[in-house]
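S.K.: Could you have a look at this structure, given as structure tokens, before my questions?
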Amino acid sequence: MSSETPSQKPRVAVVFGGRSSEHAISVVTAGAVLAAIDREKYDVLPIGITTDGRWVLTADAPERMAITDRKLPDVAELSESAEGAVVLPVDPTSREVVYSEPGAVPKALGEVDVVFPVLHGPYGEDGTLQGLLELSGVPYVGSGVLASAVGQDKDYMKRVFTSFGLPVGPYEVVRPREWEQDPAAARKKIVDFAAEHGWPLFVKPARAGSSMGITKVDDVSGLDAAVEEARRHDPKIIVESLLTGREIECGVLEFADGPRASVPAEIPPVSDHSFYDFEAKYIDSAAGLVPAPLTGEQTARVQELAVAAFEAASCEGLVRADFFLQDNGEFVINEINTLPGFTPISMYPRMWQETGVSYPELVDRLIQAALRRSTGLR
């Protein structure tokens, strides 16, 4: 009687959830990725991170990870144990994942060949998880430490783009110490910015995504409340002037011969929302136009800028680049997302679907690109 032959399939750990305010969207994204991974080709290990930072084994149940009746999913509801924890050893000679529970002998879960992080926001998309994986010697999908950090921090992202000659809109940054030690001076800094560039303004957390904590401010009376709302997500805030024009997005995917851009998409004005906020994106399912109704010249230009932004920030794997097409016909880059949403209605996979790369193929390409890459300096 022959013994069972161990699986030779690459093992993919899908890591999701996390400590940021985008926890629920990460869970939704993970459900879509888990449903798309080819189980004939890969072994899959779902690992959730709770809102307090505990790594847990979760059910491999994509159907439980969706937004249902406006209720957002949570890793704690998917965890197989209220006390058990998953540990990824910081040891580049071993990729062994260990599971432990109080009073029990730790259990080896086997080695992981690649991590597919679908975390959004701080403690996952910002270079922190990427640094842990570099120390562990485990390949992972997406950008490295520097590009992830730059892509998360809108302040430094815009500084990098400016240094590479990419067009960005007017902005001002209020750092934590400024607001905490002299709020009157910080407020004046914003009001002076408004005097130069006009109202309304958008007040945002500098290091958050999914439109969390953003307020459109029409005059000075709403400024303090907007700052405090942004600071609930991040003590560092960024203030941006209103850019009139069309919202255009473009996906970038790394192929063997380098990054390529998808067909662009357009986010049309959302009638029930003052801007494309969290509710519009994820609850009310605002529909984007894919492909965007642009001229051939406009399409080529935004694709060129998207790839240039990818290269400027030293990105890897994937990026979604967001632009405004202004009334004068010029594009301004608003931001990049190094781990864009993969929810069923997310623009990134929709743009690539229209470009000829299906959702399962997109997931496969990202895993294969990560498996080809080494950790460390590259």
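So you can find residues: chains in the structure tokens are A, B, ... in the order shown, residues in each start at 1, and ligands are numbered from 1 in order.
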Write out as a Markdown table the residues of segment 56-125 of chain A that have any atom within 9 Å of an atom of segment 41-46 of chain A, one row each with the nearest atom pair and its distance in Å to one decimal, counting only C-alpha atoms, sorted by chain and then rising number.
M.R.:
| residue | atom | partner | partner_atom | distance |
| --- | --- | --- | --- | --- |
| A:Val56 | CA | A:Pro46 | CA | 8.8 |
| A:Leu57 | CA | A:Pro46 | CA | 6.5 |
| A:Thr58 | CA | A:Pro46 | CA | 5.9 |
| A:Ala59 | CA | A:Pro46 | CA | 7.2 |
| A:Asp60 | CA | A:Pro46 | CA | 6.2 |
| A:Val112 | CA | A:Leu45 | CA | 8.4 |
S.K.: Find the residues near segment 173-181 of chain A: any atom within 10 Å, counting only C-alpha atoms, skip ones fewer than 5 places away on the same chain, and give them as a list in words.
M.R.: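 Non-adjacent residues within range: Lys154, Asp155, Ala186, Arg187, Lys189, Ile190, Val203, Lys204, Pro205, Ala206, Val227, Glu228, Arg231, Asp234, Pro235, Lys236, Ile237, Ile238, Val239 and Glu240 of chain A.
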S.K.: What does the distance between atom CA of Val217 of chain A and atom CA of Ala185 of chain A come to in Å, to one decimal place?
M.R.: 18.4 Å
S.K.: Taking only C-alpha atoms into account, which of A:Thr355, A:Ser314, A:Ser81, A:Gln368 comes nearest Gly144 of chain A?
M.R.: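 Ranking A:Thr355, A:Ser314, A:Ser81, A:Gln368 by distance to Gly144 of chain A, first place goes to A:Ser314.
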S.K.: For Leu289 of chain A, find every residue with an atom within 8 Å (counting only C-alpha atoms), except residues of its own chain fewer than 4 positions away, and show them as a list in words.
M.R.: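 Residues near the query, excluding close chain neighbours: Ala265, Glu266, Ile267, Pro268 and Pro293 of chain A.
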S.K.: Would you give me, as a Markdown table, each residue of segment 311-345 of chain A having an atom within 7 Å of an atom of segment 134-142 of chain A, along with its shortest atom pair and that distance in Å to one decimal, using only C-alpha atoms and sorting by chain and residue number?
M.R.:
| residue | atom | partner | partner_atom | distance |
| --- | --- | --- | --- | --- |
| A:Glu316 | CA | A:Gly142 | CA | 5.4 |
| A:Gly317 | CA | A:Gly142 | CA | 4.4 |
| A:Leu318 | CA | A:Gly142 | CA | 5.9 |
| A:Thr338 | CA | A:Gly142 | CA | 6.9 |
| A:Leu339 | CA | A:Gly142 | CA | 7.0 |
S.K.: Which neighbours of Gly110 of chain A fall inside 12 Å, counting only C-alpha atoms, when residues of the same chain fewer than 4 positions from it are skipped, and could you give them as number ranges by chain?
M.R.: A: 6-7, 10-13, 43-45, 86-89, 94-99
S.K.: Could you check how far atom CA of Gln326 of chain A sits from atom CA of His233 of chain A, in Å to one decimal?
M.R.: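 Rounded to one decimal, the two atoms are 29.3 Å apart.
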S.K.: Between atom CA of Ile333 of chain A and atom CA of Pro167 of chain A, what distance in Å does the model show, to one decimal?
M.R.: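 Spanning atom CA of Ile333 of chain A to atom CA of Pro167 of chain A is a straight-line distance of 6.0 Å.
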S.K.: Skip segment 248-257 of chain A itself and residues of its chain fewer than 3 positions away, then list as a ChimeraX atom specification all residues within 6 Å of it, counting only C-alpha atoms.
M.R.: /A:260-262,264-266,317-324,348
S.K.: Determine which residues of segment 22-226 of chain A DSSP labels as strand (DSSP E) from the backbone of this structure, then write them out as a PyMOL selection string.
M.R.: chain A and resi 43-49+55-57+85-87+96-100+107-111+114-117+171-174+201-205+215-217
S.K.: Output C-alpha atoms for every residue in the selection just made, as a PDB file, in the first residue's frame.
M.R.:
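Once written, out.pdb looks like this:
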ATOM      1  CA  ASP A  43      -3.330  24.966  -2.269  1.00  0.00           C
ATOM      2  CA  VAL A  44      -4.947  27.795  -0.320  1.00  0.00           C
ATOM      3  CA  LEU A  45      -4.620  28.819   3.327  1.00  0.00           C
ATOM      4  CA  PRO A  46      -6.982  31.645   4.394  1.00  0.00           C
ATOM      5  CA  ILE A  47      -5.526  33.711   7.257  1.00  0.00           C
ATOM      6  CA  GLY A  48      -7.528  36.547   8.765  1.00  0.00           C
ATOM      7  CA  ILE A  49      -6.238  39.391  10.919  1.00  0.00           C
ATOM      8  CA  TRP A  55      -3.745  36.367  13.108  1.00  0.00           C
ATOM      9  CA  VAL A  56      -6.328  33.572  12.920  1.00  0.00           C
ATOM     10  CA  LEU A  57      -7.299  30.613  10.803  1.00  0.00           C
ATOM     11  CA  ALA A  85      -3.389  32.354  16.698  1.00  0.00           C
ATOM     12  CA  VAL A  86      -1.366  31.870  13.512  1.00  0.00           C
ATOM     13  CA  VAL A  87       2.344  32.659  13.641  1.00  0.00           C
ATOM     14  CA  GLU A  96       6.560  27.029   8.209  1.00  0.00           C
ATOM     15  CA  VAL A  97       3.302  28.505   9.491  1.00  0.00           C
ATOM     16  CA  VAL A  98       2.424  27.512  13.070  1.00  0.00           C
ATOM     17  CA  TYR A  99      -0.962  27.520  14.783  1.00  0.00           C
ATOM     18  CA  SER A 100      -1.202  27.684  18.561  1.00  0.00           C
ATOM     19  CA  LYS A 107       0.587  22.700  15.377  1.00  0.00           C
ATOM     20  CA  ALA A 108       2.588  23.063  12.170  1.00  0.00           C
ATOM     21  CA  LEU A 109       0.400  24.035   9.224  1.00  0.00           C
ATOM     22  CA  GLY A 110       3.081  23.459   6.607  1.00  0.00           C
ATOM     23  CA  GLU A 111       5.105  25.853   4.497  1.00  0.00           C
ATOM     24  CA  VAL A 114       3.551  32.857  -1.497  1.00  0.00           C
ATOM     25  CA  VAL A 115       1.356  35.314   0.391  1.00  0.00           C
ATOM     26  CA  PHE A 116      -1.494  37.109  -1.353  1.00  0.00           C
ATOM     27  CA  PRO A 117      -2.150  40.102   0.912  1.00  0.00           C
ATOM     28  CA  TYR A 171      -2.759  70.270  -1.797  1.00  0.00           C
ATOM     29  CA  GLU A 172      -1.728  71.146   1.743  1.00  0.00           C
ATOM     30  CA  VAL A 173      -0.657  68.843   4.581  1.00  0.00           C
ATOM     31  CA  VAL A 174      -1.366  69.293   8.288  1.00  0.00           C
ATOM     32  CA  LEU A 201     -12.016  71.643  -0.170  1.00  0.00           C
ATOM     33  CA  PHE A 202     -11.631  67.946   0.490  1.00  0.00           C
ATOM     34  CA  VAL A 203     -10.199  67.072   3.888  1.00  0.00           C
ATOM     35  CA  LYS A 204      -8.754  63.563   3.979  1.00  0.00           C
ATOM     36  CA  PRO A 205      -6.723  61.245   6.167  1.00  0.00           C
ATOM     37  CA  THR A 215     -15.296  65.304   3.988  1.00  0.00           C
ATOM     38  CA  LYS A 216     -16.177  67.856   1.342  1.00  0.00           C
ATOM     39  CA  VAL A 217     -16.023  71.240   3.085  1.00  0.00           C
TER      40      VAL A 217
END
S.K.: Can you tell me, as a PDB file with N, CA and C atoms, in the first residue's frame, what residues are no more than 9 Å from segment 19-34 of chain A when counting only C-alpha atoms, ignoring any on the same chain fewer than 2 positions away?
M.R.:
ATOM      1  N   VAL A  14      -3.772  33.492   1.695  1.00  0.00           N
ATOM      2  CA  VAL A  14      -4.522  34.727   1.454  1.00  0.00           C
ATOM      3  C   VAL A  14      -4.723  35.397   2.808  1.00  0.00           C
ATOM      4  N   VAL A  15      -4.079  36.552   2.997  1.00  0.00           N
ATOM      5  CA  VAL A  15      -4.106  37.251   4.282  1.00  0.00           C
ATOM      6  C   VAL A  15      -5.004  38.479   4.146  1.00  0.00           C
ATOM      7  N   PHE A  16      -5.945  38.618   5.060  1.00  0.00           N
ATOM      8  CA  PHE A  16      -6.959  39.670   4.899  1.00  0.00           C
ATOM      9  C   PHE A  16      -7.471  40.149   6.248  1.00  0.00           C
ATOM     10  N   GLY A  17      -8.298  41.200   6.201  1.00  0.00           N
ATOM     11  CA  GLY A  17      -8.850  41.796   7.419  1.00  0.00           C
ATOM     12  C   GLY A  17      -7.990  42.965   7.848  1.00  0.00           C
ATOM     13  N   ALA A  36     -11.798  32.884  -6.712  1.00  0.00           N
ATOM     14  CA  ALA A  36     -11.212  32.888  -8.052  1.00  0.00           C
ATOM     15  C   ALA A  36      -9.955  32.039  -8.178  1.00  0.00           C
ATOM     16  N   ILE A  37      -9.293  31.733  -7.056  1.00  0.00           N
ATOM     17  CA  ILE A  37      -8.037  30.973  -7.131  1.00  0.00           C
ATOM     18  C   ILE A  37      -8.320  29.553  -7.630  1.00  0.00           C
ATOM     19  N   ASP A  38      -7.527  29.111  -8.577  1.00  0.00           N
ATOM     20  CA  ASP A  38      -7.664  27.778  -9.176  1.00  0.00           C
ATOM     21  C   ASP A  38      -7.175  26.730  -8.182  1.00  0.00           C
ATOM     22  N   VAL A  44      -4.593  26.481  -0.863  1.00  0.00           N
ATOM     23  CA  VAL A  44      -4.947  27.795  -0.320  1.00  0.00           C
ATOM     24  C   VAL A  44      -5.078  27.715   1.197  1.00  0.00           C
ATOM     25  N   PRO A  46      -6.436  30.327   4.043  1.00  0.00           N
ATOM     26  CA  PRO A  46      -6.982  31.645   4.394  1.00  0.00           C
ATOM     27  C   PRO A  46      -6.540  32.029   5.813  1.00  0.00           C
ATOM     28  N   GLY A  48      -6.927  35.254   8.475  1.00  0.00           N
ATOM     29  CA  GLY A  48      -7.528  36.547   8.765  1.00  0.00           C
ATOM     30  C   GLY A  48      -6.775  37.260   9.873  1.00  0.00           C
ATOM     31  N   ILE A  49      -6.793  38.580   9.833  1.00  0.00           N
ATOM     32  CA  ILE A  49      -6.238  39.391  10.919  1.00  0.00           C
ATOM     33  C   ILE A  49      -7.388  40.179  11.521  1.00  0.00           C
ATOM     34  N   THR A  50      -7.613  39.990  12.808  1.00  0.00           N
ATOM     35  CA  THR A  50      -8.732  40.658  13.470  1.00  0.00           C
ATOM     36  C   THR A  50      -8.436  42.149  13.626  1.00  0.00           C
ATOM     37  N   THR A  51      -9.450  42.893  14.030  1.00  0.00           N
ATOM     38  CA  THR A  51      -9.282  44.342  14.170  1.00  0.00           C
ATOM     39  C   THR A  51      -8.306  44.695  15.288  1.00  0.00           C
ATOM     40  N   ASP A  52      -8.043  43.747  16.218  1.00  0.00           N
ATOM     41  CA  ASP A  52      -7.047  44.015  17.257  1.00  0.00           C
ATOM     42  C   ASP A  52      -5.683  43.416  16.904  1.00  0.00           C
ATOM     43  N   GLY A  53      -5.543  42.870  15.682  1.00  0.00           N
ATOM     44  CA  GLY A  53      -4.237  42.442  15.206  1.00  0.00           C
ATOM     45  C   GLY A  53      -3.894  40.980  15.372  1.00  0.00           C
ATOM     46  N   ASP A  60     -12.710  28.775   4.928  1.00  0.00           N
ATOM     47  CA  ASP A  60     -12.512  29.017   3.497  1.00  0.00           C
ATOM     48  C   ASP A  60     -13.898  29.107   2.877  1.00  0.00           C
ATOM     49  N   ALA A  61     -14.560  30.225   3.152  1.00  0.00           N
ATOM     50  CA  ALA A  61     -15.981  30.361   2.813  1.00  0.00           C
ATOM     51  C   ALA A  61     -16.243  31.717   2.178  1.00  0.00           C
ATOM     52  N   PRO A  62     -15.923  31.856   0.877  1.00  0.00           N
ATOM     53  CA  PRO A  62     -16.109  33.146   0.221  1.00  0.00           C
ATOM     54  C   PRO A  62     -17.529  33.703   0.331  1.00  0.00           C
ATOM     55  N   GLU A  63     -18.509  32.814   0.364  1.00  0.00           N
ATOM     56  CA  GLU A  63     -19.898  33.284   0.405  1.00  0.00           C
ATOM     57  C   GLU A  63     -20.211  34.015   1.710  1.00  0.00           C
ATOM     58  N   ARG A  64     -19.423  33.796   2.744  1.00  0.00           N
ATOM     59  CA  ARG A  64     -19.658  34.470   4.034  1.00  0.00           C
ATOM     60  C   ARG A  64     -18.891  35.787   4.131  1.00  0.00           C
ATOM     61  N   MET A  65     -18.191  36.157   3.078  1.00  0.00           N
ATOM     62  CA  MET A  65     -17.338  37.337   3.129  1.00  0.00           C
ATOM     63  C   MET A  65     -17.905  38.521   2.358  1.00  0.00           C
ATOM     64  N   ALA A  66     -19.121  38.422   1.908  1.00  0.00           N
ATOM     65  CA  ALA A  66     -19.720  39.491   1.108  1.00  0.00           C
ATOM     66  C   ALA A  66     -20.498  40.460   2.000  1.00  0.00           C
ATOM     67  N   ILE A  67     -20.779  41.654   1.466  1.00  0.00           N
ATOM     68  CA  ILE A  67     -21.680  42.588   2.135  1.00  0.00           C
ATOM     69  C   ILE A  67     -23.103  42.083   1.909  1.00  0.00           C
ATOM     70  N   LEU A  72     -21.545  44.707   6.943  1.00  0.00           N
ATOM     71  CA  LEU A  72     -20.162  44.469   6.545  1.00  0.00           C
ATOM     72  C   LEU A  72     -19.598  43.244   7.264  1.00  0.00           C
ATOM     73  N   PRO A  73     -18.837  42.410   6.577  1.00  0.00           N
ATOM     74  CA  PRO A  73     -18.274  41.207   7.202  1.00  0.00           C
ATOM     75  C   PRO A  73     -17.092  41.545   8.103  1.00  0.00           C
ATOM     76  N   ASP A  74     -16.735  40.580   8.980  1.00  0.00           N
ATOM     77  CA  ASP A  74     -15.669  40.784   9.955  1.00  0.00           C
ATOM     78  C   ASP A  74     -14.905  39.485  10.139  1.00  0.00           C
ATOM     79  N   VAL A  75     -13.579  39.579  10.280  1.00  0.00           N
ATOM     80  CA  VAL A  75     -12.750  38.380  10.453  1.00  0.00           C
ATOM     81  C   VAL A  75     -13.161  37.601  11.692  1.00  0.00           C
ATOM     82  N   PRO A 117      -1.545  39.197  -0.064  1.00  0.00           N
ATOM     83  CA  PRO A 117      -2.150  40.102   0.912  1.00  0.00           C
ATOM     84  C   PRO A 117      -3.284  40.897   0.273  1.00  0.00           C
ATOM     85  N   VAL A 118      -4.442  40.845   0.860  1.00  0.00           N
ATOM     86  CA  VAL A 118      -5.553  41.664   0.368  1.00  0.00           C
ATOM     87  C   VAL A 118      -5.996  42.608   1.477  1.00  0.00           C
ATOM     88  N   LEU A 119      -5.004  43.156   2.153  1.00  0.00           N
ATOM     89  CA  LEU A 119      -5.238  44.122   3.219  1.00  0.00           C
ATOM     90  C   LEU A 119      -5.239  45.517   2.622  1.00  0.00           C
ATOM     91  N   HIS A 120      -6.109  46.370   3.104  1.00  0.00           N
ATOM     92  CA  HIS A 120      -6.180  47.743   2.640  1.00  0.00           C
ATOM     93  C   HIS A 120      -5.870  48.679   3.799  1.00  0.00           C
ATOM     94  N   GLY A 121      -5.125  49.733   3.515  1.00  0.00           N
ATOM     95  CA  GLY A 121      -4.857  50.729   4.536  1.00  0.00           C
ATOM     96  C   GLY A 121      -3.658  50.399   5.403  1.00  0.00           C
ATOM     97  N   PRO A 122      -3.517  51.124   6.541  1.00  0.00           N
ATOM     98  CA  PRO A 122      -2.380  50.909   7.436  1.00  0.00           C
ATOM     99  C   PRO A 122      -2.324  49.473   7.970  1.00  0.00           C
ATOM    100  N   TYR A 123      -1.130  49.047   8.328  1.00  0.00           N
ATOM    101  CA  TYR A 123      -0.854  47.708   8.873  1.00  0.00           C
ATOM    102  C   TYR A 123      -1.101  46.611   7.846  1.00  0.00           C
ATOM    103  N   GLY A 124      -0.924  46.918   6.575  1.00  0.00           N
ATOM    104  CA  GLY A 124      -1.120  45.878   5.571  1.00  0.00           C
ATOM    105  C   GLY A 124      -0.753  46.318   4.172  1.00  0.00           C
ATOM    106  N   ALA A 208      -5.135  56.711   4.414  1.00  0.00           N
ATOM    107  CA  ALA A 208      -6.300  55.826   4.442  1.00  0.00           C
ATOM    108  C   ALA A 208      -6.811  55.692   3.024  1.00  0.00           C
ATOM    109  N   GLY A 209      -7.738  54.767   2.816  1.00  0.00           N
ATOM    110  CA  GLY A 209      -8.289  54.561   1.487  1.00  0.00           C
ATOM    111  C   GLY A 209      -9.765  54.239   1.566  1.00  0.00           C
ATOM    112  N   SER A 210     -10.307  53.715   0.454  1.00  0.00           N
ATOM    113  CA  SER A 210     -11.734  53.379   0.361  1.00  0.00           C
ATOM    114  C   SER A 210     -12.620  54.570   0.705  1.00  0.00           C
ATOM    115  N   MET A 212     -12.495  56.500   3.121  1.00  0.00           N
ATOM    116  CA  MET A 212     -12.758  56.602   4.558  1.00  0.00           C
ATOM    117  C   MET A 212     -12.334  57.974   5.085  1.00  0.00           C
ATOM    118  N   HIS A 233      -9.148  58.648  11.551  1.00  0.00           N
ATOM    119  CA  HIS A 233      -8.514  57.600  10.761  1.00  0.00           C
ATOM    120  C   HIS A 233      -6.997  57.757  10.701  1.00  0.00           C
ATOM    121  N   TYR A 282     -19.187  51.026  -2.106  1.00  0.00           N
ATOM    122  CA  TYR A 282     -19.341  49.662  -1.632  1.00  0.00           C
ATOM    123  C   TYR A 282     -20.763  49.272  -1.211  1.00  0.00           C
ATOM    124  N   GLY A 341      -8.973  47.450  -4.561  1.00  0.00           N
ATOM    125  CA  GLY A 341     -10.035  46.507  -4.243  1.00  0.00           C
ATOM    126  C   GLY A 341     -10.238  45.461  -5.326  1.00  0.00           C
ATOM    127  N   PHE A 342     -10.529  44.229  -4.881  1.00  0.00           N
ATOM    128  CA  PHE A 342     -10.862  43.138  -5.791  1.00  0.00           C
ATOM    129  C   PHE A 342     -12.291  42.657  -5.542  1.00  0.00           C
ATOM    130  N   THR A 343     -13.126  43.522  -4.988  1.00  0.00           N
ATOM    131  CA  THR A 343     -14.507  43.113  -4.761  1.00  0.00           C
ATOM    132  C   THR A 343     -15.188  42.882  -6.110  1.00  0.00           C
ATOM    133  N   PRO A 344     -16.305  42.191  -6.116  1.00  0.00           N
ATOM    134  CA  PRO A 344     -16.978  41.911  -7.391  1.00  0.00           C
ATOM    135  C   PRO A 344     -17.316  43.146  -8.210  1.00  0.00           C
ATOM    136  N   SER A 346     -15.383  46.000  -8.029  1.00  0.00           N
ATOM    137  CA  SER A 346     -14.205  46.865  -8.063  1.00  0.00           C
ATOM    138  C   SER A 346     -13.782  47.180  -9.490  1.00  0.00           C
ATOM    139  N   TYR A 359     -10.948  37.617 -14.505  1.00  0.00           N
ATOM    140  CA  TYR A 359     -10.673  37.693 -13.061  1.00  0.00           C
ATOM    141  C   TYR A 359      -9.779  36.536 -12.601  1.00  0.00           C
ATOM    142  N   PRO A 360     -10.112  35.277 -12.885  1.00  0.00           N
ATOM    143  CA  PRO A 360      -9.225  34.182 -12.446  1.00  0.00           C
ATOM    144  C   PRO A 360      -7.823  34.286 -13.056  1.00  0.00           C
ATOM    145  N   VAL A 363      -5.845  36.968 -11.110  1.00  0.00           N
ATOM    146  CA  VAL A 363      -5.356  36.437  -9.831  1.00  0.00           C
ATOM    147  C   VAL A 363      -4.159  35.518 -10.071  1.00  0.00           C
TER     148      VAL A 363
END
S.K.: So that I can check the secondary structure, give me every residue of segment 2-140 of chain A assigned alpha helix (DSSP H) by backbone DSSP, as a ChimeraX atom specification.
M.R.: /A:23-36,75-78,128-136
S.K.: Which is closest to Ser79 of chain A among A:Ala292, A:Arg54, A:Asp192, A:Ala308, if we use only C-alpha atoms?
M.R.: A:Arg54
S.K.: Let me make sure I understand: among A:Val160, A:Val90, A:Leu243, A:Cys315, which one has the smallest atom-to-atom distance to Leu129 of chain A if we use only C-alpha atoms?
M.R.: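 Using only C-alpha atoms, Leu129 of chain A sits closest to A:Val90.
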